[in-house]
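Text of my_file-v4.cif (mmCIF, N, CA, C and O atoms) as supplied:
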data_start
#
loop_
_atom_site.label_atom_id
_atom_site.label_comp_id
_atom_site.auth_asym_id
_atom_site.auth_seq_id
_atom_site.Cartn_x
_atom_site.Cartn_y
_atom_site.Cartn_z
N MET A 1 13.99 40.97 -60.30
CA MET A 1 14.11 42.12 -59.43
C MET A 1 14.66 43.29 -60.24
O MET A 1 15.58 43.14 -61.03
N LYS A 2 14.08 44.45 -60.04
CA LYS A 2 14.53 45.64 -60.75
C LYS A 2 15.95 46.01 -60.31
O LYS A 2 16.30 45.83 -59.15
N PRO A 3 16.75 46.54 -61.24
CA PRO A 3 18.12 46.95 -60.87
C PRO A 3 18.16 47.95 -59.72
O PRO A 3 19.04 47.88 -58.87
N SER A 4 17.19 48.86 -59.69
CA SER A 4 17.19 49.86 -58.61
C SER A 4 16.90 49.20 -57.26
O SER A 4 17.47 49.59 -56.23
N THR A 5 16.04 48.18 -57.23
CA THR A 5 15.74 47.46 -55.99
C THR A 5 16.97 46.69 -55.53
O THR A 5 17.31 46.69 -54.34
N ASN A 6 17.65 46.05 -56.46
CA ASN A 6 18.85 45.30 -56.14
C ASN A 6 19.93 46.22 -55.58
O ASN A 6 20.62 45.89 -54.62
N ARG A 7 20.08 47.40 -56.19
CA ARG A 7 21.07 48.38 -55.73
C ARG A 7 20.74 48.85 -54.32
O ARG A 7 21.62 48.97 -53.47
N MET A 8 19.45 49.08 -54.05
CA MET A 8 19.02 49.52 -52.72
C MET A 8 19.32 48.44 -51.68
O MET A 8 19.86 48.73 -50.61
N LEU A 9 18.97 47.19 -51.98
CA LEU A 9 19.21 46.10 -51.03
C LEU A 9 20.70 45.91 -50.77
O LEU A 9 21.11 45.66 -49.64
N THR A 10 21.51 46.05 -51.80
CA THR A 10 22.96 45.95 -51.64
C THR A 10 23.47 47.06 -50.74
O THR A 10 24.31 46.83 -49.86
N ARG A 11 22.95 48.29 -50.92
CA ARG A 11 23.37 49.42 -50.10
C ARG A 11 22.95 49.22 -48.64
O ARG A 11 23.73 49.45 -47.72
N ILE A 12 21.73 48.75 -48.42
CA ILE A 12 21.25 48.52 -47.06
C ILE A 12 22.10 47.46 -46.37
O ILE A 12 22.48 47.61 -45.20
N LYS A 13 22.42 46.39 -47.07
CA LYS A 13 23.29 45.35 -46.50
C LYS A 13 24.66 45.93 -46.16
O LYS A 13 25.21 45.66 -45.09
N SER A 14 25.21 46.74 -47.05
CA SER A 14 26.51 47.36 -46.81
C SER A 14 26.47 48.29 -45.60
O SER A 14 27.42 48.33 -44.81
N ILE A 15 25.39 49.03 -45.45
CA ILE A 15 25.24 49.92 -44.30
C ILE A 15 25.19 49.11 -43.01
O ILE A 15 25.85 49.44 -42.03
N TYR A 16 24.42 48.02 -43.03
CA TYR A 16 24.34 47.16 -41.84
C TYR A 16 25.73 46.64 -41.46
O TYR A 16 26.13 46.69 -40.30
N LEU A 17 26.47 46.14 -42.44
CA LEU A 17 27.80 45.60 -42.18
C LEU A 17 28.75 46.69 -41.69
O LEU A 17 29.59 46.45 -40.81
N TYR A 18 28.62 47.90 -42.22
CA TYR A 18 29.44 49.03 -41.78
C TYR A 18 29.19 49.33 -40.30
O TYR A 18 30.13 49.51 -39.52
N ILE A 19 27.91 49.37 -39.91
CA ILE A 19 27.58 49.63 -38.51
C ILE A 19 28.07 48.48 -37.63
O ILE A 19 28.64 48.71 -36.56
N LEU A 20 27.89 47.26 -38.08
CA LEU A 20 28.33 46.09 -37.32
C LEU A 20 29.84 46.12 -37.08
O LEU A 20 30.30 45.86 -35.97
N GLU A 21 30.60 46.50 -38.09
CA GLU A 21 32.06 46.52 -37.99
C GLU A 21 32.58 47.70 -37.17
O GLU A 21 33.62 47.59 -36.51
N ASN A 22 31.87 48.83 -37.21
CA ASN A 22 32.38 50.05 -36.58
C ASN A 22 31.73 50.38 -35.24
O ASN A 22 32.08 51.38 -34.62
N GLY A 23 30.79 49.58 -34.79
CA GLY A 23 30.12 49.87 -33.53
C GLY A 23 29.11 50.99 -33.70
O GLY A 23 28.37 51.01 -34.67
N THR A 24 29.09 51.92 -32.81
CA THR A 24 28.15 53.04 -32.89
C THR A 24 28.68 54.08 -33.87
O THR A 24 29.82 54.54 -33.74
N VAL A 25 27.86 54.42 -34.85
CA VAL A 25 28.23 55.42 -35.86
C VAL A 25 27.12 56.44 -35.98
O VAL A 25 25.98 56.20 -35.60
N THR A 26 27.47 57.60 -36.52
CA THR A 26 26.47 58.64 -36.73
C THR A 26 25.92 58.55 -38.15
O THR A 26 26.53 57.94 -39.04
N THR A 27 24.78 59.17 -38.33
CA THR A 27 24.19 59.23 -39.67
C THR A 27 25.17 59.91 -40.62
O THR A 27 25.36 59.48 -41.76
N ARG A 28 25.85 60.96 -40.16
CA ARG A 28 26.83 61.68 -40.98
C ARG A 28 27.97 60.76 -41.40
O ARG A 28 28.44 60.81 -42.53
N ASP A 29 28.44 59.89 -40.49
CA ASP A 29 29.49 58.93 -40.84
C ASP A 29 29.06 58.06 -42.02
O ASP A 29 29.83 57.80 -42.94
N ILE A 30 27.80 57.60 -41.97
CA ILE A 30 27.29 56.72 -43.03
C ILE A 30 27.14 57.49 -44.33
O ILE A 30 27.51 56.98 -45.40
N VAL A 31 26.64 58.71 -44.27
CA VAL A 31 26.52 59.54 -45.47
C VAL A 31 27.88 59.74 -46.12
O VAL A 31 28.04 59.58 -47.33
N ASP A 32 28.88 60.05 -45.30
CA ASP A 32 30.24 60.27 -45.82
C ASP A 32 30.83 59.00 -46.41
O ASP A 32 31.48 59.03 -47.44
N GLU A 33 30.59 57.88 -45.75
CA GLU A 33 31.14 56.60 -46.21
C GLU A 33 30.54 56.15 -47.54
O GLU A 33 31.24 55.65 -48.41
N PHE A 34 29.23 56.33 -47.71
CA PHE A 34 28.55 55.78 -48.87
C PHE A 34 28.28 56.81 -49.97
O PHE A 34 27.90 56.43 -51.08
N GLY A 35 28.46 58.08 -49.67
CA GLY A 35 28.30 59.11 -50.70
C GLY A 35 26.88 59.28 -51.20
O GLY A 35 26.67 59.80 -52.29
N SER A 36 25.91 58.84 -50.42
CA SER A 36 24.51 59.04 -50.78
C SER A 36 23.98 60.26 -50.05
O SER A 36 24.62 60.78 -49.13
N THR A 37 22.80 60.70 -50.43
CA THR A 37 22.21 61.86 -49.76
C THR A 37 21.75 61.47 -48.36
O THR A 37 21.45 60.30 -48.10
N PRO A 38 21.70 62.44 -47.46
CA PRO A 38 21.21 62.14 -46.11
C PRO A 38 19.81 61.52 -46.12
O PRO A 38 19.51 60.63 -45.33
N ARG A 39 18.96 61.96 -47.03
CA ARG A 39 17.59 61.42 -47.10
C ARG A 39 17.61 59.95 -47.50
O ARG A 39 16.86 59.13 -46.95
N THR A 40 18.44 59.59 -48.47
CA THR A 40 18.54 58.19 -48.90
C THR A 40 19.04 57.32 -47.76
O THR A 40 18.50 56.25 -47.48
N ILE A 41 20.07 57.79 -47.07
CA ILE A 41 20.62 57.03 -45.95
C ILE A 41 19.58 56.89 -44.84
O ILE A 41 19.43 55.82 -44.25
N GLN A 42 18.82 57.94 -44.58
CA GLN A 42 17.80 57.87 -43.53
C GLN A 42 16.74 56.84 -43.89
O GLN A 42 16.28 56.08 -43.03
N ARG A 43 16.34 56.77 -45.15
CA ARG A 43 15.37 55.75 -45.57
C ARG A 43 15.93 54.35 -45.34
O ARG A 43 15.23 53.45 -44.87
N ASP A 44 17.20 54.16 -45.70
CA ASP A 44 17.84 52.86 -45.51
C ASP A 44 17.92 52.50 -44.02
O ASP A 44 17.65 51.37 -43.63
N LEU A 45 18.26 53.47 -43.19
CA LEU A 45 18.32 53.24 -41.75
C LEU A 45 16.94 52.90 -41.19
O LEU A 45 16.81 52.05 -40.31
N ASN A 46 15.91 53.55 -41.73
CA ASN A 46 14.54 53.25 -41.30
C ASN A 46 14.17 51.80 -41.60
O ASN A 46 13.51 51.15 -40.80
N VAL A 47 14.59 51.29 -42.76
CA VAL A 47 14.33 49.89 -43.12
C VAL A 47 15.02 48.97 -42.12
O VAL A 47 14.42 48.01 -41.62
N LEU A 48 16.29 49.25 -41.83
CA LEU A 48 17.04 48.42 -40.88
C LEU A 48 16.42 48.49 -39.48
O LEU A 48 16.31 47.47 -38.79
N GLU A 49 16.02 49.68 -39.07
CA GLU A 49 15.42 49.84 -37.74
C GLU A 49 14.06 49.14 -37.67
O GLU A 49 13.75 48.47 -36.68
N TYR A 50 13.26 49.26 -38.71
CA TYR A 50 11.95 48.62 -38.76
C TYR A 50 12.09 47.10 -38.60
O TYR A 50 11.26 46.45 -37.96
N ASN A 51 13.15 46.54 -39.16
CA ASN A 51 13.40 45.10 -39.08
C ASN A 51 14.19 44.70 -37.85
O ASN A 51 14.67 43.57 -37.74
N ASN A 52 14.33 45.64 -36.91
CA ASN A 52 14.99 45.41 -35.63
C ASN A 52 16.45 44.94 -35.78
O ASN A 52 16.93 44.14 -34.99
N LEU A 53 17.13 45.45 -36.80
CA LEU A 53 18.54 45.10 -37.02
C LEU A 53 19.47 46.15 -36.43
O LEU A 53 20.61 45.85 -36.10
N ILE A 54 18.99 47.38 -36.33
CA ILE A 54 19.76 48.46 -35.72
C ILE A 54 18.85 49.25 -34.79
O ILE A 54 17.63 49.15 -34.88
N SER A 55 19.47 50.01 -33.90
CA SER A 55 18.70 50.90 -33.03
C SER A 55 19.48 52.19 -32.87
O SER A 55 20.67 52.26 -33.15
N SER A 56 18.76 53.20 -32.42
CA SER A 56 19.36 54.50 -32.21
C SER A 56 19.26 54.84 -30.73
O SER A 56 18.25 55.39 -30.27
N PRO A 57 20.31 54.49 -29.96
CA PRO A 57 20.27 54.78 -28.52
C PRO A 57 20.25 56.28 -28.23
O PRO A 57 19.73 56.71 -27.21
N ARG A 58 20.85 57.05 -29.10
CA ARG A 58 20.82 58.52 -29.01
C ARG A 58 20.56 59.06 -30.40
O ARG A 58 21.01 58.49 -31.39
N ARG A 59 19.87 60.14 -30.47
CA ARG A 59 19.50 60.73 -31.75
C ARG A 59 20.71 60.88 -32.68
O ARG A 59 21.71 61.48 -32.32
N GLY A 60 20.59 60.30 -33.89
CA GLY A 60 21.64 60.43 -34.88
C GLY A 60 22.78 59.44 -34.74
O GLY A 60 23.71 59.46 -35.52
N LYS A 61 22.70 58.56 -33.75
CA LYS A 61 23.73 57.54 -33.56
C LYS A 61 23.08 56.18 -33.71
O LYS A 61 21.96 55.95 -33.26
N TRP A 62 23.79 55.26 -34.35
CA TRP A 62 23.23 53.95 -34.68
C TRP A 62 24.15 52.83 -34.24
O TRP A 62 25.36 52.95 -34.33
N THR A 63 23.53 51.75 -33.79
CA THR A 63 24.27 50.55 -33.42
C THR A 63 23.43 49.33 -33.79
O THR A 63 22.21 49.44 -33.93
N THR A 64 24.07 48.18 -33.94
CA THR A 64 23.32 46.98 -34.28
C THR A 64 22.64 46.43 -33.04
O THR A 64 23.05 46.68 -31.92
N THR A 65 21.60 45.64 -33.25
CA THR A 65 20.88 45.00 -32.15
C THR A 65 21.44 43.59 -31.96
O THR A 65 22.35 43.17 -32.69
N GLU A 66 20.89 42.88 -31.01
CA GLU A 66 21.32 41.51 -30.73
C GLU A 66 20.66 40.49 -31.66
O GLU A 66 20.93 39.30 -31.55
N LYS A 67 19.78 40.95 -32.55
CA LYS A 67 19.08 40.04 -33.45
C LYS A 67 20.07 39.27 -34.30
O LYS A 67 20.99 39.85 -34.88
N LYS A 68 19.88 37.96 -34.39
CA LYS A 68 20.76 37.12 -35.19
C LYS A 68 20.49 37.34 -36.67
O LYS A 68 19.33 37.37 -37.09
N VAL A 69 21.58 37.49 -37.44
CA VAL A 69 21.45 37.74 -38.87
C VAL A 69 22.42 36.83 -39.60
O VAL A 69 23.58 36.71 -39.23
N LYS A 70 21.93 36.20 -40.64
CA LYS A 70 22.79 35.39 -41.50
C LYS A 70 23.15 36.25 -42.71
O LYS A 70 22.29 36.59 -43.52
N VAL A 71 24.41 36.64 -42.80
CA VAL A 71 24.86 37.51 -43.89
C VAL A 71 25.55 36.66 -44.94
O VAL A 71 26.51 35.96 -44.63
N THR A 72 25.02 36.71 -46.15
CA THR A 72 25.64 35.95 -47.24
C THR A 72 26.19 36.86 -48.30
O THR A 72 25.87 37.99 -48.40
#
As structure tokens, please, write out the structure in this file.
Amino acid sequence: MKPSTNRMLTRIKSIYLYILENGTVTTRDIVDEFGSTPRTIQRDLNVLEYNNLISSPRRGKWTTTEKKVKVT
């Protein structure tokens, strides 16, 4: 696996865990927490949403879904 792919997957996992631990968070909260650009964070959120791991009940706010996830 390329280092950039591994870094991306690590960041996406960290974002998921951050949302899981903090409940509903805004995109801005995630950008501030991880220090990435808003565009990078939005791409990561899109991956999580596509896989039905998070949802956006209101624009710009994110929460985890009921989907079971095994986090290692």
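Here atom O of Trp62 in chain A is placed at a distance of 25.2 Å from atom N of Thr5 in chain A.
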Test item: which residues lie within 7 Å of (24.8, 48.4, -36.3) counting only C-alpha atoms, as a ChimeraX atom specification: /A:16,19-20,23-24,54,62-65
Strand (DSSP E) positions in range 1-71 of chain A, given as a PyMOL selection string: chain A and resi 25-26+54-55+61-64
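Restricting the calculation to only N, CA, C and O atoms, the smallest distance between Ile15 in chain A and any of A:Tyr50, A:Pro38, A:Lys61, A:Leu45 is found for A:Leu45.
Here CA of Ile12 in chain A is placed at a distance of 7.5 Å from CA of Leu48 in chain A.
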Near-Thr72 in chain A list (10 Å; only C-alpha atoms; drop same-chain fewer than 2 positions) as a ChimeraX atom specification: /A:13,69-70
Contacts of Arg28 in chain A within 6 Å, all atoms listed in the file, excl. fewer than 4 positions in-chain, as a PyMOL selection string: chain A and resi 32-33+60
Backbone DSSP call of helix (DSSP H, G or I) for range 16-50 of chain A, listed as number ranges by chain: A: 16-22, 27-34, 38-50
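Computed from the coordinates, the atom O of Arg58 in chain A to CA of Thr37 in chain A distance equals 18.7 Å.
Taking only C-alpha atoms, the non-local environment of Met8 in chain A within 12 Å (same-chain residues fewer than 5 positions away omitted) comprises Met1, Lys2, Pro3, Lys13, Ser14, Ile15, Ser36, Thr40, Ile41, Arg43, Asp44, Leu45 and Val47 of chain A.
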